[in-house]
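Pasted below: coords.pdb, PDB, C-alpha atoms.
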```
ATOM      1  CA  MET Z 290     -13.912  34.014 -34.366
ATOM      2  CA  ALA Z 291     -10.431  34.411 -32.942
ATOM      3  CA  SER Z 292     -10.249  37.001 -30.247
ATOM      4  CA  LYS Z 293      -7.272  38.696 -28.684
ATOM      5  CA  PRO Z 294      -6.132  37.069 -25.429
ATOM      6  CA  TYR Z 295      -6.680  39.227 -22.387
ATOM      7  CA  ALA Z 296      -6.081  38.788 -18.692
ATOM      8  CA  ARG Z 297      -9.046  36.731 -17.592
ATOM      9  CA  PRO Z 298     -10.194  37.057 -13.990
ATOM     10  CA  LEU Z 299      -9.008  34.214 -11.774
ATOM     11  CA  SER Z 300     -11.184  32.508  -9.245
ATOM     12  CA  PRO Z 301      -9.995  33.712  -5.836
ATOM     13  CA  HIS Z 302     -10.470  30.373  -4.050
ATOM     14  CA  LEU Z 303      -7.107  29.028  -5.231
ATOM     15  CA  GLY Z 304      -5.331  31.758  -3.286
ATOM     16  CA  ILE Z 305      -7.520  31.843  -0.189
ATOM     17  CA  TRP Z 306      -7.290  28.676   1.872
ATOM     18  CA  ARG Z 307      -5.632  27.273   4.967
ATOM     19  CA  TRP Z 308      -4.647  23.806   6.030
ATOM     20  CA  GLY Z 309      -7.384  21.648   7.482
ATOM     21  CA  PRO Z 310      -7.325  18.029   8.655
ATOM     22  CA  HIS Z 311      -9.093  16.859   5.482
ATOM     23  CA  MET Z 312      -6.386  18.376   3.243
ATOM     24  CA  LEU Z 313      -3.620  16.969   5.385
ATOM     25  CA  VAL Z 314      -5.149  13.475   5.329
ATOM     26  CA  SER Z 315      -5.637  13.682   1.567
ATOM     27  CA  ILE Z 316      -1.998  14.472   0.848
ATOM     28  CA  LEU Z 317      -0.845  12.055   3.568
ATOM     29  CA  HIS Z 318      -2.795   9.294   1.823
ATOM     30  CA  ARG Z 319      -0.818   9.875  -1.360
ATOM     31  CA  ALA Z 320       2.520  10.370   0.422
ATOM     32  CA  THR Z 321       2.121   7.241   2.574
ATOM     33  CA  GLY Z 322       0.989   5.303  -0.502
ATOM     34  CA  VAL Z 323       4.240   6.189  -2.265
ATOM     35  CA  ALA Z 324       6.225   5.410   0.903
ATOM     36  CA  ASN Z 325       4.525   2.019   1.229
ATOM     37  CA  SER Z 326       5.343   1.273  -2.405
ATOM     38  CA  VAL Z 327       9.000   1.867  -1.594
ATOM     39  CA  GLY Z 328       8.486  -0.367   1.458
ATOM     40  CA  LEU Z 329       7.342  -3.137  -0.905
ATOM     41  CA  GLY Z 330      10.951  -3.311  -2.068
ATOM     42  CA  LEU Z 331      11.952  -4.084   1.499
ATOM     43  CA  LEU Z 332       9.278  -6.782   1.778
ATOM     44  CA  VAL Z 333      10.569  -8.412  -1.425
ATOM     45  CA  TRP Z 334      14.153  -8.253  -0.172
ATOM     46  CA  TRP Z 335      13.079  -9.792   3.153
ATOM     47  CA  LEU Z 336      11.337 -12.729   1.413
ATOM     48  CA  ALA Z 337      14.194 -13.235  -1.066
ATOM     49  CA  ALA Z 338      16.688 -13.161   1.821
ATOM     50  CA  ILE Z 339      14.752 -15.836   3.741
ATOM     51  CA  ALA Z 340      14.520 -17.954   0.585
ATOM     52  CA  GLY Z 341      18.248 -17.539  -0.051
ATOM     53  CA  GLY Z 342      19.205 -19.348   3.146
ATOM     54  CA  GLU Z 343      20.963 -18.480   6.405
ATOM     55  CA  ASP Z 344      23.781 -16.407   4.863
ATOM     56  CA  SER Z 345      21.590 -14.180   2.750
ATOM     57  CA  TYR Z 346      19.152 -13.683   5.628
ATOM     58  CA  ALA Z 347      22.079 -12.761   7.902
ATOM     59  CA  THR Z 348      23.067 -10.048   5.382
ATOM     60  CA  PHE Z 349      19.535  -8.626   5.517
ATOM     61  CA  VAL Z 350      19.369  -8.732   9.325
ATOM     62  CA  ASP Z 351      22.827  -7.172   9.637
ATOM     63  CA  VAL Z 352      21.637  -3.946   7.954
ATOM     64  CA  PHE Z 353      18.931  -3.381  10.569
ATOM     65  CA  THR Z 354      20.410  -4.748  13.802
ATOM     66  CA  VAL Z 355      23.359  -4.316  16.150
ATOM     67  CA  SER Z 356      25.597  -7.305  16.888
ATOM     68  CA  GLY Z 357      23.674  -8.052  20.114
ATOM     69  CA  GLY Z 358      20.521  -8.763  18.093
ATOM     70  CA  GLY Z 359      18.517  -5.598  18.849
ATOM     71  CA  LEU Z 360      17.521  -3.104  16.176
ATOM     72  CA  ASN Z 361      19.965  -0.369  15.184
ATOM     73  CA  VAL Z 362      18.996   3.188  14.176
ATOM     74  CA  ILE Z 363      18.140   2.151  10.593
ATOM     75  CA  GLY Z 364      16.047  -0.718  11.948
ATOM     76  CA  TYR Z 365      14.028   1.532  14.247
ATOM     77  CA  VAL Z 366      13.564   4.367  11.719
ATOM     78  CA  VAL Z 367      12.581   2.073   8.835
ATOM     79  CA  GLY Z 368      10.581  -0.388  10.951
ATOM     80  CA  ILE Z 369       8.588   2.131  12.966
ATOM     81  CA  GLY Z 370       8.369   4.569  10.025
ATOM     82  CA  LEU Z 371       6.953   1.944   7.694
ATOM     83  CA  THR Z 372       4.497   0.712  10.338
ATOM     84  CA  LEU Z 373       3.269   4.297  10.768
ATOM     85  CA  THR Z 374       2.820   4.909   7.019
ATOM     86  CA  VAL Z 375       1.045   1.543   6.614
ATOM     87  CA  PHE Z 376      -1.397   2.275   9.460
ATOM     88  CA  GLN Z 377      -2.004   5.842   8.215
ATOM     89  CA  HIS Z 378      -2.684   4.672   4.642
ATOM     90  CA  MET Z 379      -4.873   1.852   6.002
ATOM     91  CA  ALA Z 380      -6.963   4.244   8.116
ATOM     92  CA  SER Z 381      -7.335   6.957   5.458
ATOM     93  CA  GLY Z 382      -8.042   4.189   2.933
ATOM     94  CA  VAL Z 383     -10.942   2.910   5.016
ATOM     95  CA  ARG Z 384     -12.122   6.537   5.262
ATOM     96  CA  HIS Z 385     -11.993   6.711   1.457
ATOM     97  CA  LEU Z 386     -14.133   3.563   1.179
ATOM     98  CA  VAL Z 387     -16.736   5.202   3.435
ATOM     99  CA  LEU Z 388     -16.609   8.415   1.356
ATOM    100  CA  ASP Z 389     -17.020   6.274  -1.793
ATOM    101  CA  ILE Z 390     -20.481   5.154  -0.685
ATOM    102  CA  GLY Z 391     -21.413   8.806  -0.339
ATOM    103  CA  ALA Z 392     -21.271   9.047   3.440
ATOM    104  CA  GLY Z 393     -19.251  11.284   5.723
ATOM    105  CA  TYR Z 394     -19.121  14.485   3.642
ATOM    106  CA  GLU Z 395     -20.666  16.722   6.317
ATOM    107  CA  LEU Z 396     -18.086  19.316   7.392
ATOM    108  CA  ARG Z 397     -17.932  18.287  11.047
ATOM    109  CA  LYS Z 398     -17.928  14.552  10.267
ATOM    110  CA  GLY Z 399     -15.325  14.945   7.527
ATOM    111  CA  LYS Z 400     -13.044  16.809   9.899
ATOM    112  CA  MET Z 401     -13.639  14.325  12.690
ATOM    113  CA  THR Z 402     -12.885  11.221  10.582
ATOM    114  CA  ALA Z 403      -9.797  12.927   9.110
ATOM    115  CA  MET Z 404      -8.508  13.600  12.633
ATOM    116  CA  ALA Z 405      -9.429  10.050  13.676
ATOM    117  CA  THR Z 406      -7.099   8.532  11.045
ATOM    118  CA  MET Z 407      -4.216  10.622  12.373
ATOM    119  CA  VAL Z 408      -4.988   9.617  15.946
ATOM    120  CA  PHE Z 409      -5.310   5.954  15.007
ATOM    121  CA  SER Z 410      -2.045   5.550  13.087
ATOM    122  CA  PRO Z 411       0.404   6.646  15.828
ATOM    123  CA  LEU Z 412      -1.600   4.745  18.488
ATOM    124  CA  ALA Z 413      -1.630   1.551  16.411
ATOM    125  CA  THR Z 414       2.097   1.964  15.696
ATOM    126  CA  ILE Z 415       2.867   2.409  19.396
ATOM    127  CA  ALA Z 416       0.715  -0.599  20.302
ATOM    128  CA  PHE Z 417       2.346  -2.812  17.646
ATOM    129  CA  TRP Z 418       5.907  -1.923  18.625
ATOM    130  CA  ALA Z 419       5.178  -2.017  22.351
ATOM    131  CA  TRP Z 420       3.998  -5.586  21.820
ATOM    132  CA  LEU Z 421       7.055  -6.523  19.703
ATOM    133  CA  LEU Z 422       9.633  -4.922  21.999
ATOM    134  CA  VAL Z 423       8.094  -5.363  25.454
ATOM    135  CA  GLY Z 424       4.735  -7.129  25.490
ATOM    136  CA  LYS Z 425       5.657 -10.513  24.054
ATOM    137  CA  HIS Z 426       8.805 -11.001  26.138
TER     138      HIS Z 426
ATOM    139  CA  MET A 180     -34.436   0.122 -21.641
ATOM    140  CA  GLY A 181     -35.369   0.193 -25.297
ATOM    141  CA  ASN A 182     -34.928  -2.682 -27.719
ATOM    142  CA  GLY A 183     -35.033  -0.377 -30.687
ATOM    143  CA  THR A 184     -32.059   1.662 -31.736
ATOM    144  CA  SER A 185     -28.514   0.673 -30.732
ATOM    145  CA  ILE A 186     -28.049   3.971 -28.871
ATOM    146  CA  GLY A 187     -31.252   3.288 -26.960
ATOM    147  CA  ARG A 188     -30.003  -0.086 -25.737
ATOM    148  CA  VAL A 189     -26.700   1.186 -24.323
ATOM    149  CA  ARG A 190     -27.773   4.575 -22.995
ATOM    150  CA  GLY A 191     -27.380   4.773 -19.231
ATOM    151  CA  LEU A 192     -25.132   1.721 -18.935
ATOM    152  CA  GLY A 193     -21.926   3.727 -18.497
ATOM    153  CA  SER A 194     -18.736   3.411 -20.480
ATOM    154  CA  GLY A 195     -18.498   0.544 -22.953
ATOM    155  CA  LYS A 196     -14.717   0.347 -22.435
ATOM    156  CA  HIS A 197     -12.606   0.630 -19.297
ATOM    157  CA  GLY A 198     -14.402   3.524 -17.638
ATOM    158  CA  THR A 199     -14.496   2.394 -14.017
ATOM    159  CA  HIS A 200     -12.040  -0.499 -14.292
ATOM    160  CA  HIS A 201      -9.085   1.273 -12.660
ATOM    161  CA  TRP A 202     -11.178   2.888  -9.942
ATOM    162  CA  TRP A 203     -13.021  -0.341  -9.093
ATOM    163  CA  HIS A 204      -9.896  -2.506  -8.981
ATOM    164  CA  GLN A 205      -8.251   0.049  -6.696
ATOM    165  CA  ARG A 206     -11.180  -0.484  -4.287
ATOM    166  CA  LEU A 207     -11.211  -4.276  -4.643
ATOM    167  CA  THR A 208      -7.503  -4.509  -3.871
ATOM    168  CA  ALA A 209      -7.927  -2.011  -1.023
ATOM    169  CA  GLY A 210     -10.280  -4.515   0.604
ATOM    170  CA  SER A 211      -8.007  -7.505   0.036
ATOM    171  CA  ASN A 212      -4.997  -5.456   1.202
ATOM    172  CA  LEU A 213      -6.820  -4.637   4.417
ATOM    173  CA  LEU A 214      -7.739  -8.254   5.220
ATOM    174  CA  LEU A 215      -4.399  -9.783   4.262
ATOM    175  CA  LEU A 216      -2.312  -7.044   5.884
ATOM    176  CA  LEU A 217      -4.167  -7.516   9.161
ATOM    177  CA  TRP A 218      -3.394 -11.253   8.891
ATOM    178  CA  PHE A 219       0.271 -10.435   8.148
ATOM    179  CA  LEU A 220       0.687  -7.979  11.047
ATOM    180  CA  PHE A 221      -1.012 -10.416  13.427
ATOM    181  CA  SER A 222       1.194 -13.295  12.229
ATOM    182  CA  ILE A 223       4.374 -11.243  12.587
ATOM    183  CA  ALA A 224       3.326 -10.198  16.092
ATOM    184  CA  MET A 225       2.698 -13.819  17.064
ATOM    185  CA  LEU A 226       5.904 -15.389  15.659
ATOM    186  CA  PRO A 227       8.074 -16.928  18.383
ATOM    187  CA  SER A 228      11.283 -15.425  16.918
ATOM    188  CA  TYR A 229      12.605 -13.764  13.794
ATOM    189  CA  ASP A 230      15.661 -15.828  12.862
ATOM    190  CA  GLY A 231      15.923 -17.406   9.419
ATOM    191  CA  ALA A 232      15.009 -20.907  10.625
ATOM    192  CA  SER A 233      11.790 -19.755  12.362
ATOM    193  CA  LEU A 234      10.696 -17.696   9.373
ATOM    194  CA  THR A 235      11.448 -20.560   6.979
ATOM    195  CA  LYS A 236       9.431 -22.923   9.166
ATOM    196  CA  TRP A 237       6.559 -20.428   9.258
ATOM    197  CA  LEU A 238       6.507 -19.925   5.459
ATOM    198  CA  SER A 239       6.883 -23.667   4.806
ATOM    199  CA  SER A 240       3.274 -24.081   5.870
ATOM    200  CA  GLY A 241       0.623 -23.554   3.230
ATOM    201  CA  TRP A 242      -1.388 -21.658   5.848
ATOM    202  CA  ALA A 243       1.291 -18.929   5.725
ATOM    203  CA  ALA A 244       2.699 -19.297   2.188
ATOM    204  CA  LEU A 245      -0.660 -18.981   0.419
ATOM    205  CA  PRO A 246      -1.895 -15.811   2.166
ATOM    206  CA  MET A 247       1.633 -14.382   1.867
ATOM    207  CA  ALA A 248       1.638 -14.930  -1.921
ATOM    208  CA  LEU A 249      -1.877 -13.464  -2.186
ATOM    209  CA  LEU A 250      -0.765 -10.492  -0.061
ATOM    210  CA  ILE A 251       2.119  -9.824  -2.463
ATOM    211  CA  ALA A 252      -0.216 -10.018  -5.472
ATOM    212  CA  THR A 253      -2.823  -7.642  -4.043
ATOM    213  CA  LEU A 254      -0.257  -5.184  -2.616
ATOM    214  CA  PHE A 255       1.635  -4.935  -5.899
ATOM    215  CA  TYR A 256      -1.527  -4.553  -7.972
ATOM    216  CA  HIS A 257      -2.818  -1.832  -5.628
ATOM    217  CA  ALA A 258       0.556  -0.030  -5.599
ATOM    218  CA  ARG A 259       0.770  -0.211  -9.384
ATOM    219  CA  LEU A 260      -2.694   1.358  -9.768
ATOM    220  CA  GLY A 261      -1.905   4.073  -7.217
ATOM    221  CA  LEU A 262       1.521   4.968  -8.600
ATOM    222  CA  GLN A 263       0.009   5.128 -12.099
ATOM    223  CA  VAL A 264      -2.251   7.951 -10.893
ATOM    224  CA  VAL A 265       0.669   9.725  -9.228
ATOM    225  CA  ILE A 266       2.718   9.534 -12.461
ATOM    226  CA  GLU A 267      -0.230  10.724 -14.567
ATOM    227  CA  ASP A 268      -0.754  13.682 -12.213
ATOM    228  CA  TYR A 269       2.808  14.981 -12.239
ATOM    229  CA  GLN A 270       4.415  13.888 -15.536
ATOM    230  CA  GLN A 271       3.584  14.701 -19.141
ATOM    231  CA  ASP A 272       4.478  13.514 -22.644
ATOM    232  CA  GLU A 273       7.319  11.052 -23.137
ATOM    233  CA  THR A 274       8.376  11.002 -19.504
ATOM    234  CA  ARG A 275       4.914   9.837 -18.508
ATOM    235  CA  VAL A 276       4.951   6.946 -20.986
ATOM    236  CA  VAL A 277       8.454   5.864 -20.012
ATOM    237  CA  LEU A 278       7.657   5.970 -16.285
ATOM    238  CA  LEU A 279       4.425   3.999 -16.795
ATOM    239  CA  VAL A 280       6.350   1.302 -18.662
ATOM    240  CA  VAL A 281       9.023   1.259 -15.936
ATOM    241  CA  LEU A 282       6.260   1.008 -13.314
ATOM    242  CA  ASN A 283       4.827  -2.069 -15.042
ATOM    243  CA  LEU A 284       8.257  -3.673 -15.310
ATOM    244  CA  LEU A 285       9.072  -3.019 -11.630
ATOM    245  CA  THR A 286       5.670  -4.357 -10.557
ATOM    246  CA  ALA A 287       6.186  -7.603 -12.489
ATOM    247  CA  LEU A 288       9.775  -7.922 -11.291
ATOM    248  CA  GLY A 289       9.018  -7.238  -7.621
ATOM    249  CA  ALA A 290       5.908  -9.411  -7.415
ATOM    250  CA  GLY A 291       7.567 -12.175  -9.415
ATOM    251  CA  LEU A 292      10.661 -12.226  -7.227
ATOM    252  CA  ALA A 293       8.608 -12.186  -4.015
ATOM    253  CA  ILE A 294       6.236 -14.966  -5.085
ATOM    254  CA  PHE A 295       9.131 -17.069  -6.395
ATOM    255  CA  SER A 296      10.847 -16.649  -3.003
ATOM    256  CA  ILE A 297       7.690 -17.678  -1.130
ATOM    257  CA  LEU A 298       7.210 -20.766  -3.313
ATOM    258  CA  ARG A 299      10.861 -21.692  -2.937
ATOM    259  CA  ILE A 300      10.556 -21.565   0.850
ATOM    260  CA  ALA A 301       7.224 -23.403   0.774
ATOM    261  CA  PHE A 302       8.448 -26.219  -1.488
ATOM    262  CA  THR A 303      12.003 -26.660  -0.215
ATOM    263  CA  GLY A 304      11.853 -25.625   3.465
ATOM    264  CA  THR A 305      11.309 -28.043   6.292
ATOM    265  CA  PRO A 306       7.630 -28.960   6.457
ATOM    266  CA  ALA A 307       5.809 -27.624   9.497
TER     267      ALA A 307
END
```

Full structure transcribed into structure tokens:
Amino acid sequence: MASKPYARPLSPHLGIWRWGPHMLVSILHRATGVANSVGLGLLVWWLAAIAGGEDSYATFVDVFTVSGGGLNVIGYVVGIGLTLTVFQHMASGVRHLVLDIGAGYELRKGKMTAMATMVFSPLATIAFWAWLLVGKH
Amino acid sequence: MGNGTSIGRVRGLGSGKHGTHHWWHQRLTAGSNLLLLLWFLFSIAMLPSYDGASLTKWLSSGWAALPMALLIATLFYHARLGLQVVIEDYQQDETRVVLLVVLNLLTALGAGLAIFSILRIAFTGTPA
């Protein structure tokens, strides 16, 4: 029997919420995944440039470095940015694998592991770049 | 598990088609991404320098070229599965189909170009 449409009551939970670490990590996982996919283009270009010989690799390097050999602004933003998104996606991905086995859904633990991924990724990024720029010289 | 009726034999076994295929491959490639990316980051950190000659020498070795090619394969497969979900979440109708086809083309193109480049370095560069 067809019935006349009427304004059905809406569940209130869609309007009553606030940001929590778990939500932030969830959307960051997707955002960093898309960012890393774009970064794949850079990885392909890097490999193709190496394969193309000295001239083509020089063209690649020129985009990201100053004439002295150090990184320019693009080099730092892309290099450090991509390292950060890779580490964040890696950490929240490992968290997802743990959640997949059915563990870590308790409210306190879920919040704690969500925060842990966001503590890990900047620390790992800092450690990696500190090694590249200072540590190994 | 019954041997009797056909419905009795398959009941409880899950989907007979591709039910968990996407989900499971996303997890499998997540694991291989993790291992190979850690290798890649460690190798990059340990390289003596980043000029073309050093990188060519590094990728001329099978010990670097093989994991590098595997890394490309697993990264692209994982990215393709993930971006498929993103497209399916936000796009409908024709746009969705077109973007999914484009995604497959870009995946094949990117992975193909990268693996060809690795093999070219490995087979024509100076042996380590």

Original post:
Within 9 Å of chain A, which residues of chain Z show up when using all atoms listed in the file, listed as a ChimeraX atom specification?
Top reply: /Z:319,322-323,325-326,329-330,332-343,346-347,350,379,382-383,386,417,420-421,425

Name every residue that the PyMOL selection byres ((chain Z and resi 398-409) around 9) selects in this structure, writing the answer as a compact mmCIF listing (two decimals) with C-alpha atoms, in the frame of the given file with chains first and numbers rising.
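File written: out.txt
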```txt
# COMPACT_ATOMS: atom_id res chain seq x y z
CA GLY Z 309 -7.38 21.65 7.48
CA PRO Z 310 -7.32 18.03 8.65
CA HIS Z 311 -9.09 16.86 5.48
CA MET Z 312 -6.39 18.38 3.24
CA LEU Z 313 -3.62 16.97 5.38
CA VAL Z 314 -5.15 13.48 5.33
CA SER Z 315 -5.64 13.68 1.57
CA PHE Z 376 -1.40 2.28 9.46
CA GLN Z 377 -2.00 5.84 8.22
CA HIS Z 378 -2.68 4.67 4.64
CA MET Z 379 -4.87 1.85 6.00
CA ALA Z 380 -6.96 4.24 8.12
CA SER Z 381 -7.34 6.96 5.46
CA ARG Z 384 -12.12 6.54 5.26
CA GLY Z 393 -19.25 11.28 5.72
CA TYR Z 394 -19.12 14.48 3.64
CA GLU Z 395 -20.67 16.72 6.32
CA LEU Z 396 -18.09 19.32 7.39
CA ARG Z 397 -17.93 18.29 11.05
CA SER Z 410 -2.04 5.55 13.09
CA PRO Z 411 0.40 6.65 15.83
CA LEU Z 412 -1.60 4.74 18.49
CA ALA Z 413 -1.63 1.55 16.41
CA THR Z 414 2.10 1.96 15.70
```

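Atom to atom, atom CA of A:Leu214 and atom CA of Z:Leu373 stand 17.6 Å apart.
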
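Of the listed residues (A:Thr184, A:Ser211, A:Glu267, A:His197), A:Ser211 comes nearest to A:Pro246; the distances count all atoms listed in the file.
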
Original post:
Could you work out how far atom CA of A:Thr208 lies from atom CA of Z:His385, giving the answer in Å with one decimal?
Top reply: 13.2 Å
